[in-house]
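Listing of data_28.txt; format and content: compact mmCIF, C-alpha atoms.
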# COMPACT_ATOMS: atom_id res chain seq x y z
CA MET A 1 -8.71 -26.23 -23.19
CA ARG A 2 -12.47 -26.33 -22.84
CA ILE A 3 -14.16 -24.99 -19.69
CA THR A 4 -17.38 -23.44 -18.40
CA CYS A 5 -17.54 -21.21 -15.32
CA ALA A 6 -19.66 -18.56 -13.57
CA ARG A 7 -19.18 -15.13 -15.15
CA GLN A 8 -19.10 -13.12 -11.92
CA ALA A 9 -16.53 -15.43 -10.30
CA LEU A 10 -14.32 -15.07 -13.36
CA VAL A 11 -14.77 -11.28 -13.51
CA ASP A 12 -13.81 -10.91 -9.83
CA ALA A 13 -10.76 -13.14 -10.25
CA VAL A 14 -9.56 -11.35 -13.40
CA ASN A 15 -10.10 -7.89 -11.86
CA ASN A 16 -7.79 -8.82 -9.00
CA VAL A 17 -5.06 -10.83 -10.73
CA GLN A 18 -4.68 -8.33 -13.57
CA ARG A 19 -3.27 -5.83 -11.05
CA GLY A 20 -0.13 -7.98 -11.16
CA VAL A 21 0.05 -7.82 -14.96
CA ALA A 22 2.75 -5.70 -16.61
CA SER A 23 1.30 -2.64 -18.38
CA LYS A 24 4.07 -2.75 -20.97
CA SER A 25 6.68 -5.44 -21.46
CA ALA A 26 9.17 -6.65 -24.04
CA LEU A 27 7.70 -10.09 -23.31
CA PRO A 28 4.08 -9.96 -24.61
CA ALA A 29 3.00 -12.84 -22.35
CA LEU A 30 3.61 -10.64 -19.30
CA GLU A 31 0.84 -8.33 -20.50
CA GLY A 32 -1.54 -11.27 -20.21
CA ILE A 33 -3.20 -13.50 -17.64
CA LEU A 34 -2.09 -17.11 -17.35
CA LEU A 35 -5.00 -19.58 -17.31
CA LYS A 36 -4.56 -23.22 -16.30
CA ALA A 37 -7.58 -25.55 -16.37
CA SER A 38 -7.39 -28.89 -14.59
CA ALA A 39 -9.72 -31.21 -12.66
CA SER A 40 -12.60 -28.94 -11.60
CA SER A 41 -10.82 -25.59 -11.30
CA LEU A 42 -9.30 -22.72 -13.25
CA PHE A 43 -6.04 -21.18 -12.02
CA LEU A 44 -5.33 -17.54 -12.98
CA ALA A 45 -2.13 -15.54 -12.57
CA GLY A 46 -0.86 -12.03 -13.29
CA TYR A 47 2.87 -11.38 -12.95
CA ASP A 48 5.21 -8.54 -13.94
CA MET A 49 8.45 -10.13 -12.68
CA GLU A 50 8.27 -8.14 -9.43
CA LEU A 51 4.66 -8.53 -8.24
CA GLY A 52 2.32 -11.43 -8.88
CA ILE A 53 -1.26 -12.27 -7.91
CA THR A 54 -2.86 -15.70 -8.36
CA THR A 55 -6.17 -17.34 -7.52
CA THR A 56 -8.26 -20.41 -8.35
CA ILE A 57 -11.99 -20.56 -9.11
CA GLU A 58 -14.41 -23.43 -9.67
CA ALA A 59 -14.96 -24.50 -13.28
CA ASP A 60 -16.47 -27.34 -15.27
CA VAL A 61 -13.39 -28.59 -17.12
CA GLU A 62 -14.18 -30.72 -20.16
CA GLU A 63 -10.62 -30.52 -21.47
CA ALA A 64 -7.59 -29.48 -19.41
CA GLY A 65 -5.13 -27.02 -20.83
CA GLU A 66 -3.33 -23.72 -20.35
CA LEU A 67 -2.66 -20.51 -22.24
CA VAL A 68 -2.14 -16.75 -21.79
CA LEU A 69 -4.77 -14.18 -22.80
CA THR A 70 -4.13 -10.43 -23.10
CA ALA A 71 -5.37 -9.05 -19.79
CA LYS A 72 -7.02 -5.82 -20.92
CA LEU A 73 -9.01 -7.37 -23.78
CA PHE A 74 -9.96 -10.49 -21.84
CA SER A 75 -11.14 -8.40 -18.89
CA GLU A 76 -13.30 -6.13 -21.03
CA ILE A 77 -14.87 -9.06 -22.89
CA ILE A 78 -15.94 -11.09 -19.87
CA ARG A 79 -17.15 -7.99 -18.00
CA LYS A 80 -19.58 -7.14 -20.82
CA LEU A 81 -20.87 -10.63 -21.63
CA PRO A 82 -24.67 -11.00 -21.23
CA GLU A 83 -25.20 -14.27 -19.34
CA GLU A 84 -24.09 -15.63 -15.97
CA GLU A 85 -22.19 -18.53 -17.53
CA ILE A 86 -19.11 -18.32 -19.76
CA SER A 87 -17.43 -21.00 -21.87
CA ILE A 88 -13.80 -20.73 -22.97
CA THR A 89 -12.36 -23.01 -25.65
CA SER A 90 -8.84 -22.91 -27.13
CA ASN A 91 -7.00 -25.01 -29.69
CA ASP A 92 -3.36 -26.02 -30.16
CA ARG A 93 -2.60 -22.67 -31.84
CA ASN A 94 -4.06 -20.79 -28.82
CA ASN A 95 -7.00 -19.44 -30.83
CA THR A 96 -9.58 -18.87 -28.09
CA VAL A 97 -13.36 -18.71 -28.35
CA ILE A 98 -15.28 -17.06 -25.50
CA ARG A 99 -19.06 -17.57 -25.45
CA SER A 100 -21.90 -16.38 -23.26
CA GLY A 101 -25.53 -16.51 -24.37
CA ASN A 102 -25.70 -15.27 -27.96
CA SER A 103 -22.31 -13.52 -27.77
CA GLU A 104 -19.13 -15.07 -29.10
CA PHE A 105 -15.59 -13.66 -29.29
CA THR A 106 -12.54 -15.19 -30.92
CA ILE A 107 -9.17 -13.86 -29.77
CA MET A 108 -5.55 -14.90 -30.07
CA GLY A 109 -3.72 -16.15 -27.01
CA PHE A 110 -0.10 -16.95 -26.23
CA SER A 111 1.50 -20.24 -25.32
CA SER A 112 1.93 -20.77 -21.59
CA ALA A 113 5.50 -21.81 -22.40
CA ASP A 114 6.21 -18.11 -22.97
CA TYR A 115 5.11 -17.26 -19.41
CA PRO A 116 7.87 -17.03 -16.77
CA GLU A 117 7.95 -19.42 -13.85
CA LEU A 118 6.24 -18.04 -10.75
CA PRO A 119 8.46 -17.66 -7.65
CA THR A 120 8.29 -20.24 -4.87
CA ILE A 121 9.67 -20.22 -1.33
CA ASN A 122 10.91 -23.55 0.00
CA ASP A 123 12.54 -22.72 3.33
CA GLY A 124 10.94 -19.45 4.37
CA ALA A 125 9.73 -18.19 7.73
CA ALA A 126 5.97 -18.51 8.25
CA LEU A 127 3.74 -15.97 10.00
CA THR A 128 0.02 -15.76 10.73
CA MET A 129 -1.83 -12.59 11.66
CA GLN A 130 -5.23 -10.94 11.35
CA GLN A 131 -6.07 -9.23 8.07
CA ASN A 132 -7.63 -6.17 9.69
CA VAL A 133 -4.49 -5.58 11.79
CA LEU A 134 -2.13 -5.66 8.83
CA LYS A 135 -4.55 -3.53 6.81
CA SER A 136 -4.45 -0.81 9.46
CA MET A 137 -0.66 -1.02 9.73
CA ILE A 138 -0.10 -0.71 5.99
CA ARG A 139 -2.61 2.14 5.68
CA GLN A 140 -0.84 4.10 8.44
CA THR A 141 2.65 3.78 6.92
CA LEU A 142 2.26 3.54 3.15
CA PHE A 143 1.72 7.30 2.75
CA ALA A 144 5.32 7.96 3.86
CA VAL A 145 6.98 5.68 1.28
CA ALA A 146 9.37 7.47 -1.10
CA GLN A 147 7.89 8.12 -4.54
CA THR A 148 11.26 8.51 -6.32
CA ASP A 149 13.82 5.77 -6.76
CA THR A 150 16.84 7.85 -5.75
CA ARG A 151 17.25 5.22 -3.06
CA PRO A 152 15.09 2.26 -4.17
CA ILE A 153 15.09 0.71 -0.68
CA HIS A 154 12.96 3.62 0.56
CA THR A 155 10.23 2.95 -2.02
CA GLY A 156 9.16 0.14 0.32
CA VAL A 157 8.07 -0.42 3.91
CA GLN A 158 10.45 -2.11 6.33
CA PHE A 159 8.96 -4.99 8.33
CA GLU A 160 10.65 -5.76 11.64
CA ILE A 161 9.60 -8.86 13.58
CA ALA A 162 11.04 -9.62 17.02
CA ASP A 163 9.83 -10.54 20.50
CA ASN A 164 6.25 -11.26 19.37
CA SER A 165 5.84 -7.83 17.81
CA LEU A 166 5.65 -6.44 14.29
CA ARG A 167 6.87 -2.96 13.37
CA LEU A 168 6.33 -1.29 9.98
CA VAL A 169 8.48 1.72 9.06
CA ALA A 170 8.37 4.00 6.01
CA VAL A 171 10.60 7.01 5.26
CA ASP A 172 10.94 9.38 2.31
CA GLY A 173 13.54 11.89 3.46
CA SER A 174 11.01 14.43 4.75
CA ARG A 175 8.84 12.28 7.01
CA LEU A 176 8.67 8.98 8.82
CA ALA A 177 5.76 6.71 9.72
CA MET A 178 6.04 3.85 12.20
CA ARG A 179 3.32 1.45 13.34
CA CYS A 180 3.65 -1.37 15.91
CA GLU A 181 1.46 -4.31 16.91
CA GLU A 182 1.84 -7.46 18.97
CA ILE A 183 1.69 -10.72 17.01
CA LYS A 184 2.28 -14.34 17.88
CA SER A 185 5.64 -15.16 16.34
CA SER A 186 8.96 -16.48 17.60
CA GLU A 187 10.72 -15.28 14.44
CA THR A 188 13.29 -12.49 14.26
CA LEU A 189 13.14 -11.00 10.78
CA GLN A 190 13.77 -7.77 8.92
CA PHE A 191 12.83 -7.17 5.28
CA VAL A 192 11.50 -4.45 2.97
CA VAL A 193 8.35 -4.92 0.86
CA PRO A 194 7.81 -2.61 -2.15
CA GLY A 195 5.15 0.04 -1.70
CA LYS A 196 3.54 -1.05 -4.98
CA THR A 197 3.02 -4.54 -3.56
CA LEU A 198 1.50 -3.23 -0.35
CA SER A 199 -0.89 -0.98 -2.31
CA GLU A 200 -2.29 -4.10 -4.01
CA VAL A 201 -2.31 -6.10 -0.78
CA LEU A 202 -4.34 -3.32 0.84
CA LYS A 203 -7.12 -3.81 -1.74
CA LEU A 204 -7.40 -7.52 -0.92
CA LEU A 205 -7.26 -7.34 2.88
CA SER A 206 -10.48 -7.59 4.86
CA ASP A 207 -11.62 -5.34 7.71
CA GLU A 208 -12.52 -8.49 9.66
CA GLU A 209 -10.39 -10.66 11.97
CA GLU A 210 -9.73 -13.20 9.23
CA PRO A 211 -6.35 -14.98 9.10
CA LEU A 212 -3.54 -13.94 6.79
CA TYR A 213 -0.68 -16.32 6.06
CA VAL A 214 2.75 -14.94 5.19
CA THR A 215 5.87 -16.77 4.02
CA VAL A 216 9.14 -14.84 3.83
CA GLY A 217 12.18 -16.08 1.92
CA SER A 218 15.55 -14.54 1.20
CA ARG A 219 14.35 -12.72 -1.93
CA HIS A 220 10.55 -13.02 -2.03
CA ILE A 221 7.44 -12.81 0.15
CA ILE A 222 4.14 -14.62 -0.37
CA MET A 223 0.89 -13.53 1.31
CA GLU A 224 -2.18 -15.78 1.31
CA ILE A 225 -5.23 -13.52 1.54
CA GLY A 226 -8.62 -15.17 1.29
CA GLY A 227 -8.53 -17.07 -1.99
CA TYR A 228 -5.60 -15.08 -3.40
CA SER A 229 -1.83 -15.43 -3.26
CA VAL A 230 0.26 -12.28 -3.61
CA PHE A 231 3.96 -12.78 -4.14
CA SER A 232 6.61 -10.12 -4.50
CA ARG A 233 10.32 -9.62 -4.63
CA LEU A 234 11.84 -7.96 -1.58
CA LEU A 235 13.88 -4.78 -1.87
CA GLU A 236 17.61 -4.98 -1.24
CA GLY A 237 19.86 -2.39 0.34
CA ASP A 238 20.46 -0.56 3.61
CA PHE A 239 17.35 1.04 5.07
CA LEU A 240 17.75 4.40 6.80
CA PRO A 241 18.89 4.00 10.44
CA TYR A 242 15.69 5.79 11.39
CA ARG A 243 16.02 5.46 15.16
CA LYS A 244 18.71 8.15 15.09
CA ALA A 245 16.19 10.56 13.53
CA ILE A 246 13.62 10.19 16.34
CA PRO A 247 14.06 12.98 18.92
CA VAL A 248 14.79 11.64 22.37
CA GLN A 249 14.06 14.84 24.28
CA THR A 250 10.84 16.85 24.27
CA THR A 251 10.76 20.55 25.12
CA THR A 252 7.16 21.22 24.04
CA LYS A 253 4.15 18.92 24.27
CA ILE A 254 0.75 19.76 22.73
CA ARG A 255 -2.46 17.77 23.11
CA VAL A 256 -4.83 18.46 20.23
CA LYS A 257 -8.14 17.19 18.85
CA THR A 258 -7.16 15.52 15.59
CA ARG A 259 -10.23 16.43 13.54
CA GLU A 260 -9.98 20.11 14.47
CA MET A 261 -6.35 20.28 13.37
CA ILE A 262 -7.00 18.31 10.16
CA ASP A 263 -9.78 20.72 9.22
CA ALA A 264 -7.64 23.78 9.98
CA VAL A 265 -4.64 22.53 7.99
CA ASP A 266 -6.95 21.45 5.17
CA ARG A 267 -8.43 24.97 4.98
CA ALA A 268 -4.94 26.47 4.95
CA SER A 269 -4.02 24.27 1.99
CA LEU A 270 -6.59 26.12 -0.15
CA VAL A 271 -4.10 28.94 -0.79
CA ILE A 272 -1.34 26.47 -1.74
CA SER A 273 -1.07 24.64 -5.07
CA ASP A 274 1.48 22.44 -6.84
CA ARG A 275 2.65 25.54 -8.68
CA ILE A 276 2.34 28.03 -5.82
CA LYS A 277 4.00 26.60 -2.74
CA SER A 278 4.66 28.13 0.63
CA PRO A 279 5.24 26.62 4.08
CA LEU A 280 2.45 26.48 6.61
CA ILE A 281 3.67 28.48 9.60
CA CYS A 282 2.75 27.00 12.99
CA ARG A 283 3.19 29.06 16.15
CA PHE A 284 2.78 27.08 19.35
CA LYS A 285 2.13 29.49 22.23
CA ASP A 286 -0.11 29.96 25.27
CA ASP A 287 -2.32 26.86 24.79
CA GLN A 288 -2.93 27.76 21.17
CA ILE A 289 -1.64 26.89 17.70
CA TYR A 290 -1.58 29.83 15.30
CA LEU A 291 -1.63 28.63 11.69
CA SER A 292 -0.85 31.00 8.84
CA CYS A 293 0.18 30.93 5.21
CA ILE A 294 0.66 33.58 2.52
CA THR A 295 0.91 32.87 -1.21
CA ALA A 296 0.06 34.62 -4.48
CA LEU A 297 -3.41 33.07 -4.17
CA GLY A 298 -4.12 34.71 -0.83
CA SER A 299 -3.54 34.32 2.88
CA VAL A 300 -5.06 32.36 5.72
CA ASN A 301 -4.98 32.54 9.52
CA GLU A 302 -6.37 29.98 11.99
CA ILE A 303 -6.24 29.64 15.76
CA LEU A 304 -6.65 26.30 17.55
CA SER A 305 -7.13 25.95 21.29
CA VAL A 306 -4.98 23.11 22.65
CA GLY A 307 -3.42 21.80 25.83
CA MET A 308 0.24 22.79 25.89
CA GLU A 309 3.27 22.27 28.11
CA GLY A 310 6.76 23.66 27.55
CA ARG A 311 8.30 26.50 25.64
CA PRO A 312 6.74 28.27 22.64
CA GLU A 313 7.96 27.47 19.13
CA GLU A 314 7.51 28.76 15.58
CA MET A 315 7.97 26.27 12.74
CA GLY A 316 7.12 25.84 9.07
CA PHE A 317 5.85 22.64 7.45
CA ASN A 318 4.95 21.25 4.07
CA CYS A 319 1.17 21.42 4.30
CA ARG A 320 0.51 18.13 2.50
CA PHE A 321 3.05 16.19 4.54
CA LEU A 322 1.54 17.47 7.79
CA LEU A 323 -1.98 16.68 6.58
CA ASP A 324 -1.01 13.14 5.55
CA ALA A 325 0.39 12.43 8.99
CA LEU A 326 -2.63 13.84 10.82
CA ARG A 327 -5.13 11.92 8.66
CA ASN A 328 -3.35 8.63 9.23
CA THR A 329 -3.30 8.81 13.03
CA GLU A 330 -6.82 7.36 13.12
CA SER A 331 -7.19 8.82 16.62
CA ASP A 332 -9.57 11.38 18.13
CA GLU A 333 -6.74 13.06 20.03
CA ILE A 334 -2.98 13.09 19.52
CA LEU A 335 0.15 14.43 21.15
CA ILE A 336 2.51 16.68 19.22
CA GLU A 337 6.01 16.67 20.67
CA LEU A 338 8.67 19.22 19.72
CA ASN A 339 12.35 19.56 20.50
CA GLY A 340 13.17 22.96 19.06
CA ALA A 341 12.34 24.62 15.75
CA GLN A 342 14.90 22.60 13.73
CA ALA A 343 13.97 19.13 15.00
CA PRO A 344 11.15 17.04 13.44
CA MET A 345 7.60 17.30 14.76
CA LYS A 346 6.73 14.04 16.47
CA ILE A 347 3.09 12.88 16.43
CA VAL A 348 2.18 10.06 18.82
CA PRO A 349 -0.98 8.68 20.50
CA THR A 350 -2.11 10.12 23.81
CA SER A 351 -1.57 6.67 25.35
CA GLY A 352 0.38 3.65 24.17
CA GLU A 353 3.05 3.50 21.49
CA ASN A 354 1.37 1.87 18.50
CA PHE A 355 2.25 4.67 16.06
CA LEU A 356 4.80 7.45 15.62
CA PHE A 357 4.99 9.97 12.78
CA LEU A 358 7.77 12.46 12.12
CA VAL A 359 7.42 15.50 9.86
CA LEU A 360 10.56 17.54 9.15
CA PRO A 361 10.15 21.32 9.40
CA VAL A 362 10.74 23.67 6.49
CA LYS A 363 13.29 26.44 7.06
CA LEU A 364 11.51 29.77 7.35
CA LYS A 365 12.85 32.91 5.70
CA ARG A 366 13.36 35.65 8.26
CA VAL A 367 12.67 39.19 7.10

Would you put the structure from the file into structure tokens?
Amino acid sequence: MRITCARQALVDAVNNVQRGVASKSALPALEGILLKASASSLFLAGYDMELGITTTIEADVEEAGELVLTAKLFSEIIRKLPEEEISITSNDRNNTVIRSGNSEFTIMGFSSADYPELPTINDGAALTMQQNVLKSMIRQTLFAVAQTDTRPIHTGVQFEIADNSLRLVAVDGSRLAMRCEEIKSSETLQFVVPGKTLSEVLKLLSDEEEPLYVTVGSRHIIMEIGGYSVFSRLLEGDFLPYRKAIPVQTTTKIRVKTREMIDAVDRASLVISDRIKSPLICRFKDDQIYLSCITALGSVNEILSVGMEGRPEEMGFNCRFLLDALRNTESDEILIELNGAQAPMKIVPTSGENFLFLVLPVKLKRV
């Protein structure tokens, strides 16, 4: 292989595809980036057998070829090269010379024959949507994905497509996040995408109304985002029947300014640490929320003025879980709906139904 390409284009491509590279693997090639030079382009891929990211950049190809270079070393070399043009040359033994200006590196590569075949989807369902919409939906649900693999299916976000709408749902046993949007699709689908995949997708998605192309197969999903393709295995198993967990009745309804409550809960968290934990006590009474917490670090008391209907309640919550939900509402005002001290707190928009968060209460010790 013998190519020349723009340094910055190569740096950007490598920075993104290496997020699909395995950090440690019994197969050394998986710790590298696959490079394929042909015609006037260079194809790059990172793949860890579960998540993969690929892209293609322009290159002056004098001699076609392919090989695998260790991702970490290759990335560091090209990032620190002095000129805006890079040449890469490799021989039959995969010895690779990388030049830029007066700098020259020689590193060992791997044969592309050692690299696993990338997944393809032949008869999948195709969807098109706006990047900024999916970005918002992922951001508002990803925080509630389970971090332990006690039930692997819950380490992902469930996608539900039906009747020209898309719903994303995440649960972790203590909270639930649900986000809905209308899309143009006649498909009826349900599948679960790993949270790790969506974290990487989030970094590639634009805030603009640019198109995103999705293909869903029986075991994999492929997302075309700008010049990148992200492909991932889908999680298998039975997702929590979450609809049963959503309270149907509401005995208390509170309208609150989101920023004021975020700031109050955030201040209360100052007396809580990973080592010193205590529930945040919330008393809903007389158009006010009384927040309090006592730990070995100290105590805190806050009072928020709100609009309230229904009966008073006293409940305890994990401070971080409550804060995560509030921060991800992305709304100036929200409604908090309660159905007794043992039922989950429900957080919804003041109008519409595009999101719903549940936070389970913590049992309070009565003295």

Please provide the set of residues having any atom within 8 Å of Thr54 in chain A, restricted to all atoms listed in the file, with same-chain residues fewer than 5 positions apart removed, written as a PyMOL selection string. chain A and resi 17+43-46+228-230

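For the set A:Asn122, A:Asn301, A:Ser87, A:Ala37, the residue with the smallest atom-to-atom gap to Ile222 in chain A is A:Asn122, counting all atoms listed in the file.
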
Around the point (1.8, 16.3, 2.6), in the coordinates given by the file, pick out the residues reaching within 12 Å, counting only C-alpha atoms, and return them as a VMD selection string. chain A and resid 143 to 145 172 174 to 176 262 265 to 266 269 272 to 274 277 279 to 280 317 to 328 358 to 361

State, in Å with one decimal place, the distance from CA of Ser199 in chain A to CA of Glu333 in chain A.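 Separation between CA of Ser199 in chain A and CA of Glu333 in chain A: 27.0 Å.
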
Smallest atom-to-atom distance to Lys253 in chain A: which of A:Leu335, A:Ala125, A:Val216, A:Val300, using all atoms listed in the file?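 Using all atoms listed in the file, the shortest distance to Lys253 in chain A belongs to A:Leu335.
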
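You will find CA of Val192 in chain A at 8.5 Å from CA of His154 in chain A.
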
Need to verify the contact set: Ile98 in chain A, 6 Å, only C-alpha atoms, exclusion of same-chain residues closer than 6 positions in sequence. Can you return it as a PyMOL selection string? chain A and resi 87-88+104-105

Given the point (-9.8, -10.1, -15.4) in the coordinates of this file, which residues lie within 8 Å, counting only C-alpha atoms, and how would they look as a PyMOL selection string? chain A and resi 10-18+33+71-72+74-76+78

Proximity to Pro82 in chain A - best of A:Leu51, A:Leu304, A:Ala126, A:Ala6, only C-alpha atoms: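 Among the listed residues, the smallest separation from Pro82 in chain A belongs to A:Ala6.
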
Which is closer to Thr4 in chain A than all the others in A:Ile86, A:Ala64, A:Leu297, A:Ile77, using all atoms listed in the file?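 Closest to Thr4 in chain A, using all atoms listed in the file: A:Ile86.
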
One decimal place gives the CA of Gln342 in chain A-CA of Lys363 in chain A separation as 7.9 Å

I want to know what sits within 12 Å of Ile246 in chain A, based on only C-alpha atoms, with residues of the same chain fewer than 3 positions away left out; could you give that as a CSV table (one decimal) with C-alpha atoms, in the frame of the given file?
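Writing done, so here's part26.csv:
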chain,number,residue,atom,x,y,z
A,171,VAL,CA,10.6,7.0,5.3
A,175,ARG,CA,8.8,12.3,7.0
A,176,LEU,CA,8.7,9.0,8.8
A,177,ALA,CA,5.8,6.7,9.7
A,178,MET,CA,6.0,3.8,12.2
A,240,LEU,CA,17.8,4.4,6.8
A,241,PRO,CA,18.9,4.0,10.4
A,242,TYR,CA,15.7,5.8,11.4
A,243,ARG,CA,16.0,5.5,15.2
A,249,GLN,CA,14.1,14.8,24.3
A,250,THR,CA,10.8,16.8,24.3
A,337,GLU,CA,6.0,16.7,20.7
A,338,LEU,CA,8.7,19.2,19.7
A,339,ASN,CA,12.4,19.6,20.5
A,343,ALA,CA,14.0,19.1,15.0
A,344,PRO,CA,11.2,17.0,13.4
A,345,MET,CA,7.6,17.3,14.8
A,346,LYS,CA,6.7,14.0,16.5
A,347,ILE,CA,3.1,12.9,16.4
A,348,VAL,CA,2.2,10.1,18.8
A,356,LEU,CA,4.8,7.4,15.6
A,357,PHE,CA,5.0,10.0,12.8
A,358,LEU,CA,7.8,12.5,12.1
A,359,VAL,CA,7.4,15.5,9.9
A,360,LEU,CA,10.6,17.5,9.2

Selected residue of minimal separation from Gly195 in chain A among A:Asp149, A:Ile336, A:Glu224, A:Ile161, counting only C-alpha atoms: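 Using only C-alpha atoms, the shortest distance to Gly195 in chain A belongs to A:Asp149.
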
Of the residues A:Met137, A:Leu166, A:Ala26, A:Ile254, which is the one nearest to Thr329 in chain A, using all atoms listed in the file?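 So, comparing all the options, the nearest one is A:Met137.
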